[in-house]
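A.B. asks: Quick one, entry29.cif (mmCIF, C-alpha atoms and all ligand atoms):
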data_final
loop_
_atom_site.label_atom_id
_atom_site.label_comp_id
_atom_site.auth_asym_id
_atom_site.auth_seq_id
_atom_site.Cartn_x
_atom_site.Cartn_y
_atom_site.Cartn_z
CA MET A 1 -26.14 -22.03 -3.40
CA ALA A 2 -28.11 -19.84 -5.82
CA PHE A 3 -26.27 -16.92 -7.43
CA GLU A 4 -27.74 -13.80 -8.99
CA GLN A 5 -25.82 -12.92 -12.16
CA LEU A 6 -24.77 -9.24 -11.97
CA LYS A 7 -22.78 -7.14 -14.39
CA PRO A 8 -19.01 -7.61 -13.91
CA GLY A 9 -17.35 -5.27 -11.39
CA THR A 10 -14.09 -4.93 -9.48
CA LEU A 11 -15.38 -6.57 -6.32
CA LEU A 12 -12.18 -8.31 -5.34
CA CYS A 13 -12.02 -7.56 -1.64
CA PRO A 14 -10.79 -6.95 0.98
CA VAL A 15 -7.64 -5.25 -0.29
CA PRO A 16 -5.03 -3.05 1.35
CA ALA A 17 -5.48 0.65 0.69
CA VAL A 18 -1.92 1.99 0.66
CA MET A 19 -0.38 5.43 0.59
CA VAL A 20 1.90 5.71 -2.43
CA SER A 21 4.43 8.52 -2.32
CA CYS A 22 6.05 10.05 -5.38
CA ALA A 23 8.10 13.13 -6.29
CA SER A 24 10.25 14.43 -9.11
CA GLU A 25 12.84 17.09 -9.80
CA THR A 26 10.07 19.62 -10.39
CA GLU A 27 7.19 18.21 -8.30
CA LYS A 28 7.27 18.27 -4.52
CA PRO A 29 6.59 15.03 -2.65
CA ASN A 30 2.99 13.87 -3.03
CA ILE A 31 0.87 11.00 -1.73
CA ILE A 32 -1.89 9.13 -3.57
CA THR A 33 -4.08 6.51 -1.93
CA ILE A 34 -4.24 3.33 -3.97
CA ALA A 35 -6.52 0.35 -3.47
CA TRP A 36 -5.69 -1.30 -6.79
CA ALA A 37 -2.30 -2.60 -5.63
CA GLY A 38 -0.98 -6.12 -5.44
CA THR A 39 1.99 -8.41 -5.32
CA VAL A 40 2.63 -9.93 -8.74
CA CYS A 41 5.90 -11.84 -8.36
CA SER A 42 8.15 -12.97 -5.52
CA GLN A 43 11.39 -13.73 -7.39
CA PRO A 44 12.17 -10.95 -8.28
CA PRO A 45 9.91 -9.21 -5.78
CA MET A 46 7.38 -7.19 -7.81
CA VAL A 47 4.16 -5.28 -7.27
CA SER A 48 1.68 -3.40 -9.39
CA ILE A 49 -0.31 -0.26 -8.74
CA SER A 50 -3.08 0.98 -11.02
CA VAL A 51 -3.40 4.72 -11.41
CA ARG A 52 -5.85 6.77 -13.46
CA LYS A 53 -4.15 9.02 -16.02
CA GLU A 54 -5.87 12.12 -14.63
CA ARG A 55 -4.30 11.77 -11.16
CA HIS A 56 -1.58 14.31 -10.39
CA SER A 57 0.63 11.41 -9.26
CA HIS A 58 0.31 9.65 -12.61
CA HIS A 59 2.63 11.89 -14.59
CA ILE A 60 5.13 12.03 -11.71
CA ILE A 61 5.43 8.23 -11.52
CA LYS A 62 5.47 7.91 -15.32
CA GLU A 63 8.27 10.48 -15.58
CA THR A 64 10.51 9.24 -12.75
CA GLY A 65 9.73 5.50 -12.88
CA GLU A 66 9.76 5.33 -9.10
CA PHE A 67 7.30 5.28 -6.21
CA VAL A 68 7.13 4.14 -2.60
CA ILE A 69 4.29 2.05 -1.17
CA ASN A 70 3.63 2.93 2.48
CA LEU A 71 1.48 0.54 4.49
CA VAL A 72 -1.40 1.93 6.49
CA GLY A 73 -2.03 1.19 10.15
CA ARG A 74 -4.94 2.43 12.25
CA GLU A 75 -3.07 5.63 13.13
CA GLN A 76 -2.42 6.53 9.48
CA LEU A 77 -5.93 5.72 8.25
CA LYS A 78 -7.41 9.21 8.32
CA ALA A 79 -4.43 10.57 6.40
CA CYS A 80 -4.81 7.69 3.96
CA ASP A 81 -8.41 8.65 3.26
CA TYR A 82 -7.48 12.34 2.95
CA CYS A 83 -4.75 11.52 0.41
CA GLY A 84 -7.41 9.70 -1.58
CA VAL A 85 -9.83 12.60 -1.82
CA LYS A 86 -7.50 15.60 -2.21
CA SER A 87 -5.15 16.19 -5.11
CA GLY A 88 -1.52 17.21 -4.86
CA ARG A 89 -2.35 19.82 -7.51
CA GLU A 90 -4.14 21.81 -4.80
CA VAL A 91 -2.63 20.77 -1.49
CA ASP A 92 0.66 19.65 0.03
CA LYS A 93 -0.58 16.38 1.58
CA PHE A 94 2.57 15.74 3.61
CA ALA A 95 2.10 19.12 5.33
CA ALA A 96 -1.70 18.91 5.60
CA CYS A 97 -1.53 15.47 7.28
CA HIS A 98 1.55 16.28 9.40
CA LEU A 99 3.46 13.44 7.75
CA THR A 100 7.24 13.33 7.61
CA PRO A 101 9.04 12.78 4.29
CA VAL A 102 11.98 10.44 4.94
CA PRO A 103 14.70 9.93 2.30
CA VAL A 104 14.92 6.43 0.82
CA PRO A 105 18.41 5.29 -0.28
CA GLU A 106 17.22 3.53 -3.45
CA MET A 107 15.02 6.40 -4.67
CA GLN A 108 16.25 9.45 -6.54
CA PHE A 109 13.38 11.77 -5.59
CA THR A 110 10.73 9.91 -3.61
CA PRO A 111 10.56 9.95 0.19
CA ALA A 112 8.81 7.38 2.36
CA ILE A 113 6.24 8.42 4.95
CA GLY A 114 8.01 8.44 8.32
CA GLU A 115 4.84 7.54 10.25
CA SER A 116 4.13 4.42 8.19
CA PRO A 117 5.08 1.05 9.76
CA LEU A 118 6.67 -0.32 6.58
CA TYR A 119 7.55 0.92 3.10
CA LEU A 120 8.43 -0.73 -0.21
CA ALA A 121 10.61 1.29 -2.59
CA CYS A 122 9.65 0.45 -6.18
CA LYS A 123 11.15 1.00 -9.64
CA VAL A 124 8.76 0.77 -12.60
CA GLU A 125 9.56 -1.91 -15.19
CA HIS A 126 6.35 -1.99 -17.26
CA VAL A 127 3.44 0.36 -17.85
CA LEU A 128 0.28 -1.39 -19.00
CA GLU A 129 -2.37 0.88 -20.48
CA LEU A 130 -5.46 -1.08 -19.52
CA GLY A 131 -8.30 1.43 -19.96
CA SER A 132 -9.41 3.63 -17.07
CA HIS A 133 -6.14 2.85 -15.26
CA ASP A 134 -2.49 2.39 -16.18
CA ALA A 135 -0.86 -0.44 -14.25
CA PHE A 136 2.68 0.33 -13.14
CA VAL A 137 4.39 -3.00 -12.66
CA ALA A 138 7.46 -2.43 -10.56
CA ARG A 139 10.35 -4.17 -8.89
CA ILE A 140 10.71 -3.74 -5.13
CA VAL A 141 14.26 -2.46 -4.74
CA GLY A 142 14.21 -1.55 -1.06
CA MET A 143 12.17 -2.00 2.09
CA GLY A 144 12.09 -0.03 5.32
CA VAL A 145 10.56 -1.27 8.55
CA SER A 146 9.80 0.87 11.59
CA ARG A 147 11.62 -0.27 14.72
CA ASP A 148 8.25 0.05 16.47
CA ILE A 149 7.06 -3.14 14.78
CA MET A 150 10.20 -5.19 15.44
CA ASP A 151 10.70 -7.47 18.40
CA ASP A 152 13.91 -7.62 20.48
CA THR A 153 15.53 -10.05 18.04
CA GLY A 154 14.90 -7.74 15.07
CA LYS A 155 12.06 -9.88 13.70
CA ILE A 156 9.13 -8.07 12.09
CA ASP A 157 5.91 -8.39 14.10
CA LEU A 158 3.24 -7.11 11.74
CA ARG A 159 0.57 -7.35 14.42
CA LYS A 160 2.18 -4.29 15.98
CA ALA A 161 1.50 -2.35 12.77
CA ASP A 162 -2.24 -2.58 13.40
CA LEU A 163 -2.84 -2.76 9.64
CA THR A 164 -6.12 -1.84 8.00
CA ALA A 165 -8.08 -3.27 5.08
CA TYR A 166 -10.49 -1.78 2.55
CA SER A 167 -13.60 -3.52 1.32
CA HIS A 168 -16.09 -2.01 -1.12
CA GLY A 169 -15.78 1.58 0.12
CA VAL A 170 -15.30 0.85 3.82
CA TYR A 171 -12.12 0.65 5.94
CA TYR A 172 -11.69 -2.10 8.52
CA ALA A 173 -9.23 -3.04 11.25
CA LEU A 174 -7.81 -6.53 10.95
CA GLY A 175 -9.48 -8.93 13.36
CA ASP A 176 -8.22 -11.92 15.33
CA ALA A 177 -5.74 -14.38 13.81
CA MET A 178 -7.79 -17.36 12.64
CA GLY A 179 -5.01 -19.59 11.36
CA PHE A 180 -1.63 -19.49 9.61
CA PHE A 181 -0.15 -20.69 6.32
CA GLY A 182 -0.68 -24.48 6.28
CA TYR A 183 -2.68 -24.65 9.51
CA SER A 184 -5.28 -26.90 7.92
CA VAL A 185 -2.68 -29.69 7.76
CA ALA A 186 -0.56 -28.82 10.83
CA SER A 187 -0.11 -31.32 13.67
CA PRO A 188 -2.21 -30.65 16.80
CA GLU A 189 0.98 -29.68 18.74
CA VAL A 190 2.11 -27.16 16.11
CA LEU A 191 -1.41 -25.84 15.77
CA GLU A 192 -1.75 -25.25 19.50
CA ARG A 193 1.68 -23.66 19.90
CA ARG A 194 1.39 -21.34 16.90
CA MET A 195 -2.17 -20.25 17.70
CA LYS A 196 -1.08 -19.43 21.26
CA GLU A 197 1.75 -17.30 19.82
CA LEU A 198 -0.73 -15.50 17.58
CA LYS A 199 -3.11 -14.59 20.42
C1 LIG A 201 -9.55 4.15 -0.51
C2 LIG A 201 -9.17 4.77 -1.82
C3 LIG A 201 -8.58 4.01 -2.81
C4 LIG A 201 -8.19 4.57 -4.03
N1 LIG A 201 -7.62 3.79 -4.98
C5 LIG A 201 -7.21 4.34 -6.15
C6 LIG A 201 -6.53 3.54 -7.12
O1 LIG A 201 -6.27 2.35 -6.93
N2 LIG A 201 -6.13 4.15 -8.27
C7 LIG A 201 -6.37 5.49 -8.52
O2 LIG A 201 -6.00 6.00 -9.59
N3 LIG A 201 -7.01 6.26 -7.61
C8 LIG A 201 -7.41 5.73 -6.43
N4 LIG A 201 -8.03 6.51 -5.49
C9 LIG A 201 -8.26 7.93 -5.77
C10 LIG A 201 -7.01 8.80 -5.59
O3 LIG A 201 -6.30 8.46 -4.41
C11 LIG A 201 -7.45 10.29 -5.53
O4 LIG A 201 -8.04 10.65 -6.75
C12 LIG A 201 -6.33 11.24 -5.16
O5 LIG A 201 -6.91 12.48 -4.81
C13 LIG A 201 -5.32 11.44 -6.27
O6 LIG A 201 -4.30 12.26 -5.79
P1 LIG A 201 -3.31 13.07 -6.76
O7 LIG A 201 -4.17 13.86 -7.73
O8 LIG A 201 -2.54 13.94 -5.81
O9 LIG A 201 -2.46 12.06 -7.45
C14 LIG A 201 -8.42 5.96 -4.26
C15 LIG A 201 -9.01 6.74 -3.24
C16 LIG A 201 -9.37 6.17 -2.04
C17 LIG A 201 -9.98 7.03 -0.95
#
If you took the structure in this file and wrote it as structure tokens, what would it be?
Ligand SMILES: Cc1cc2nc3c(=O)[nH]c(=O)nc-3n(C[C@H](O)[C@H](O)[C@H](O)COP(=O)(O)O)c2cc1C
C.D. replies:
Amino acid sequence: MAFEQLKPGTLLCPVPAVMVSCASETEKPNIITIAWAGTVCSQPPMVSISVRKERHSHHIIKETGEFVINLVGREQLKACDYCGVKSGREVDKFAACHLTPVPVPEMQFTPAIGESPLYLACKVEHVLELGSHDAFVARIVGMGVSRDIMDDTGKIDLRKADLTAYSHGVYYALGDAMGFFGYSVASPEVLERRMKELK
């Protein structure tokens, strides 16, 4: 394989583009679309989001130390894009996108987005000033899952969420399941059974 050496860029993709909600005592609920988000620890469960200082949401999250990550399915995608091109300084994005703010028990001010299939309620533990972006590293203190993506036994079936991905400026639907954790070493019986389940 021959590689061209290009100047370094943030081409880690695909990533989830998520809708992050925030609010404070003085600021009404707002939504910012974030692609620079990721899981950083499982025990305790922690995530990071990177936000430019000039975003309206930045000072809200910095002040309250809380935010909610709302996952984005196909049906929420247009709103997700809108929340990434309009600022809460000028527009009420919940109202403009016909989204429902839903109270979250662990959050003092911040609602979740009622239309989202799953939310993670987060409390900021570290703020890393990295350059263009500040990374808010936060503990996940609560999680809400829409009943629409649960099966009869109460198990989460994320396929029902119809989640989307973001890759270098373009949004995609997730495609077919190609395997599962450990499938490369699974027995033929397990492989067949699990792949049938994932169809
Ligand atoms: C797909 C997508 C991903 C984005 N990712 C980020 C991000 O990771 N960090 C960031 O600061 N802004 C990101 N933005 C830009 C903000 O969402 C945008 O500037 C938004 O209008 C800020 O809203 P606010 O001023 O109400 O906070 C992204 C926008 C889009 C469309």
A.B. asks: Suppose you want the space between CA of Ile49 (chain A) and CA of Glu75 (chain A); what is it in Å?
C.D. replies: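 Between CA of Ile49 (chain A) and CA of Glu75 (chain A) the gap works out to 22.8 Å.
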A.B. asks: As an MDAnalysis selection string, please: the residues near Gly175 (chain A) (cut-off 10 Å, all atoms listed in the file, same-chain neighbours under 3 positions excluded).
C.D. replies: chainID A and resid 162:164 172 178
A.B. asks: Mind listing the residues within 7 Å of ligand LIG 201 (chain A), only C-alpha atoms and all ligand atoms counted, as a compact mmCIF listing (two decimals) with C-alpha atoms, in the coordinates of the input?
C.D. replies:
# COMPACT_ATOMS: atom_id res chain seq x y z
CA ALA A 17 -5.48 0.65 0.69
CA ASN A 30 2.99 13.87 -3.03
CA ILE A 31 0.87 11.00 -1.73
CA ILE A 32 -1.89 9.13 -3.57
CA THR A 33 -4.08 6.51 -1.93
CA ILE A 34 -4.24 3.33 -3.97
CA ALA A 35 -6.52 0.35 -3.47
CA TRP A 36 -5.69 -1.30 -6.79
CA ALA A 37 -2.30 -2.60 -5.63
CA ILE A 49 -0.31 -0.26 -8.74
CA SER A 50 -3.08 0.98 -11.02
CA VAL A 51 -3.40 4.72 -11.41
CA ARG A 52 -5.85 6.77 -13.46
CA ARG A 55 -4.30 11.77 -11.16
CA HIS A 56 -1.58 14.31 -10.39
CA SER A 57 0.63 11.41 -9.26
CA HIS A 58 0.31 9.65 -12.61
CA ASP A 81 -8.41 8.65 3.26
CA CYS A 83 -4.75 11.52 0.41
CA GLY A 84 -7.41 9.70 -1.58
CA VAL A 85 -9.83 12.60 -1.82
CA LYS A 86 -7.50 15.60 -2.21
CA SER A 87 -5.15 16.19 -5.11
CA GLY A 88 -1.52 17.21 -4.86
CA ARG A 89 -2.35 19.82 -7.51
CA HIS A 133 -6.14 2.85 -15.26
CA TYR A 166 -10.49 -1.78 2.55
CA GLY A 169 -15.78 1.58 0.12
A.B. asks: So which residues touch Cys41 (chain A) within 10 Å, counting only C-alpha atoms, skipping near sequence neighbours fewer than 6 positions away, as a list in words?
C.D. replies: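 Surrounding residues, per the criterion: Val47, Ser48, Val137, Ala138, Arg139 and Ile140 of chain A.
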A.B. asks: Write the residues of the selection above to a file with C-alpha atoms, as a compact mmCIF listing (two decimals), in the frame of the given file.
C.D. replies:
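Result file follows (out19.txt):
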# COMPACT_ATOMS: atom_id res chain seq x y z
CA VAL A 47 4.16 -5.28 -7.27
CA SER A 48 1.68 -3.40 -9.39
CA VAL A 137 4.39 -3.00 -12.66
CA ALA A 138 7.46 -2.43 -10.56
CA ARG A 139 10.35 -4.17 -8.89
CA ILE A 140 10.71 -3.74 -5.13
A.B. asks: Please list as a list in words every residue within 12 Å of Glu197 (chain A), counting all atoms listed in the file and excluding residues in the same chain fewer than 4 positions away.
C.D. replies: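 Near Glu197 (chain A), the qualifying residues are Asp157, Arg159, Ala177, Met178, Gly179, Phe180, Val190, Leu191, Glu192 and Arg193 of chain A.
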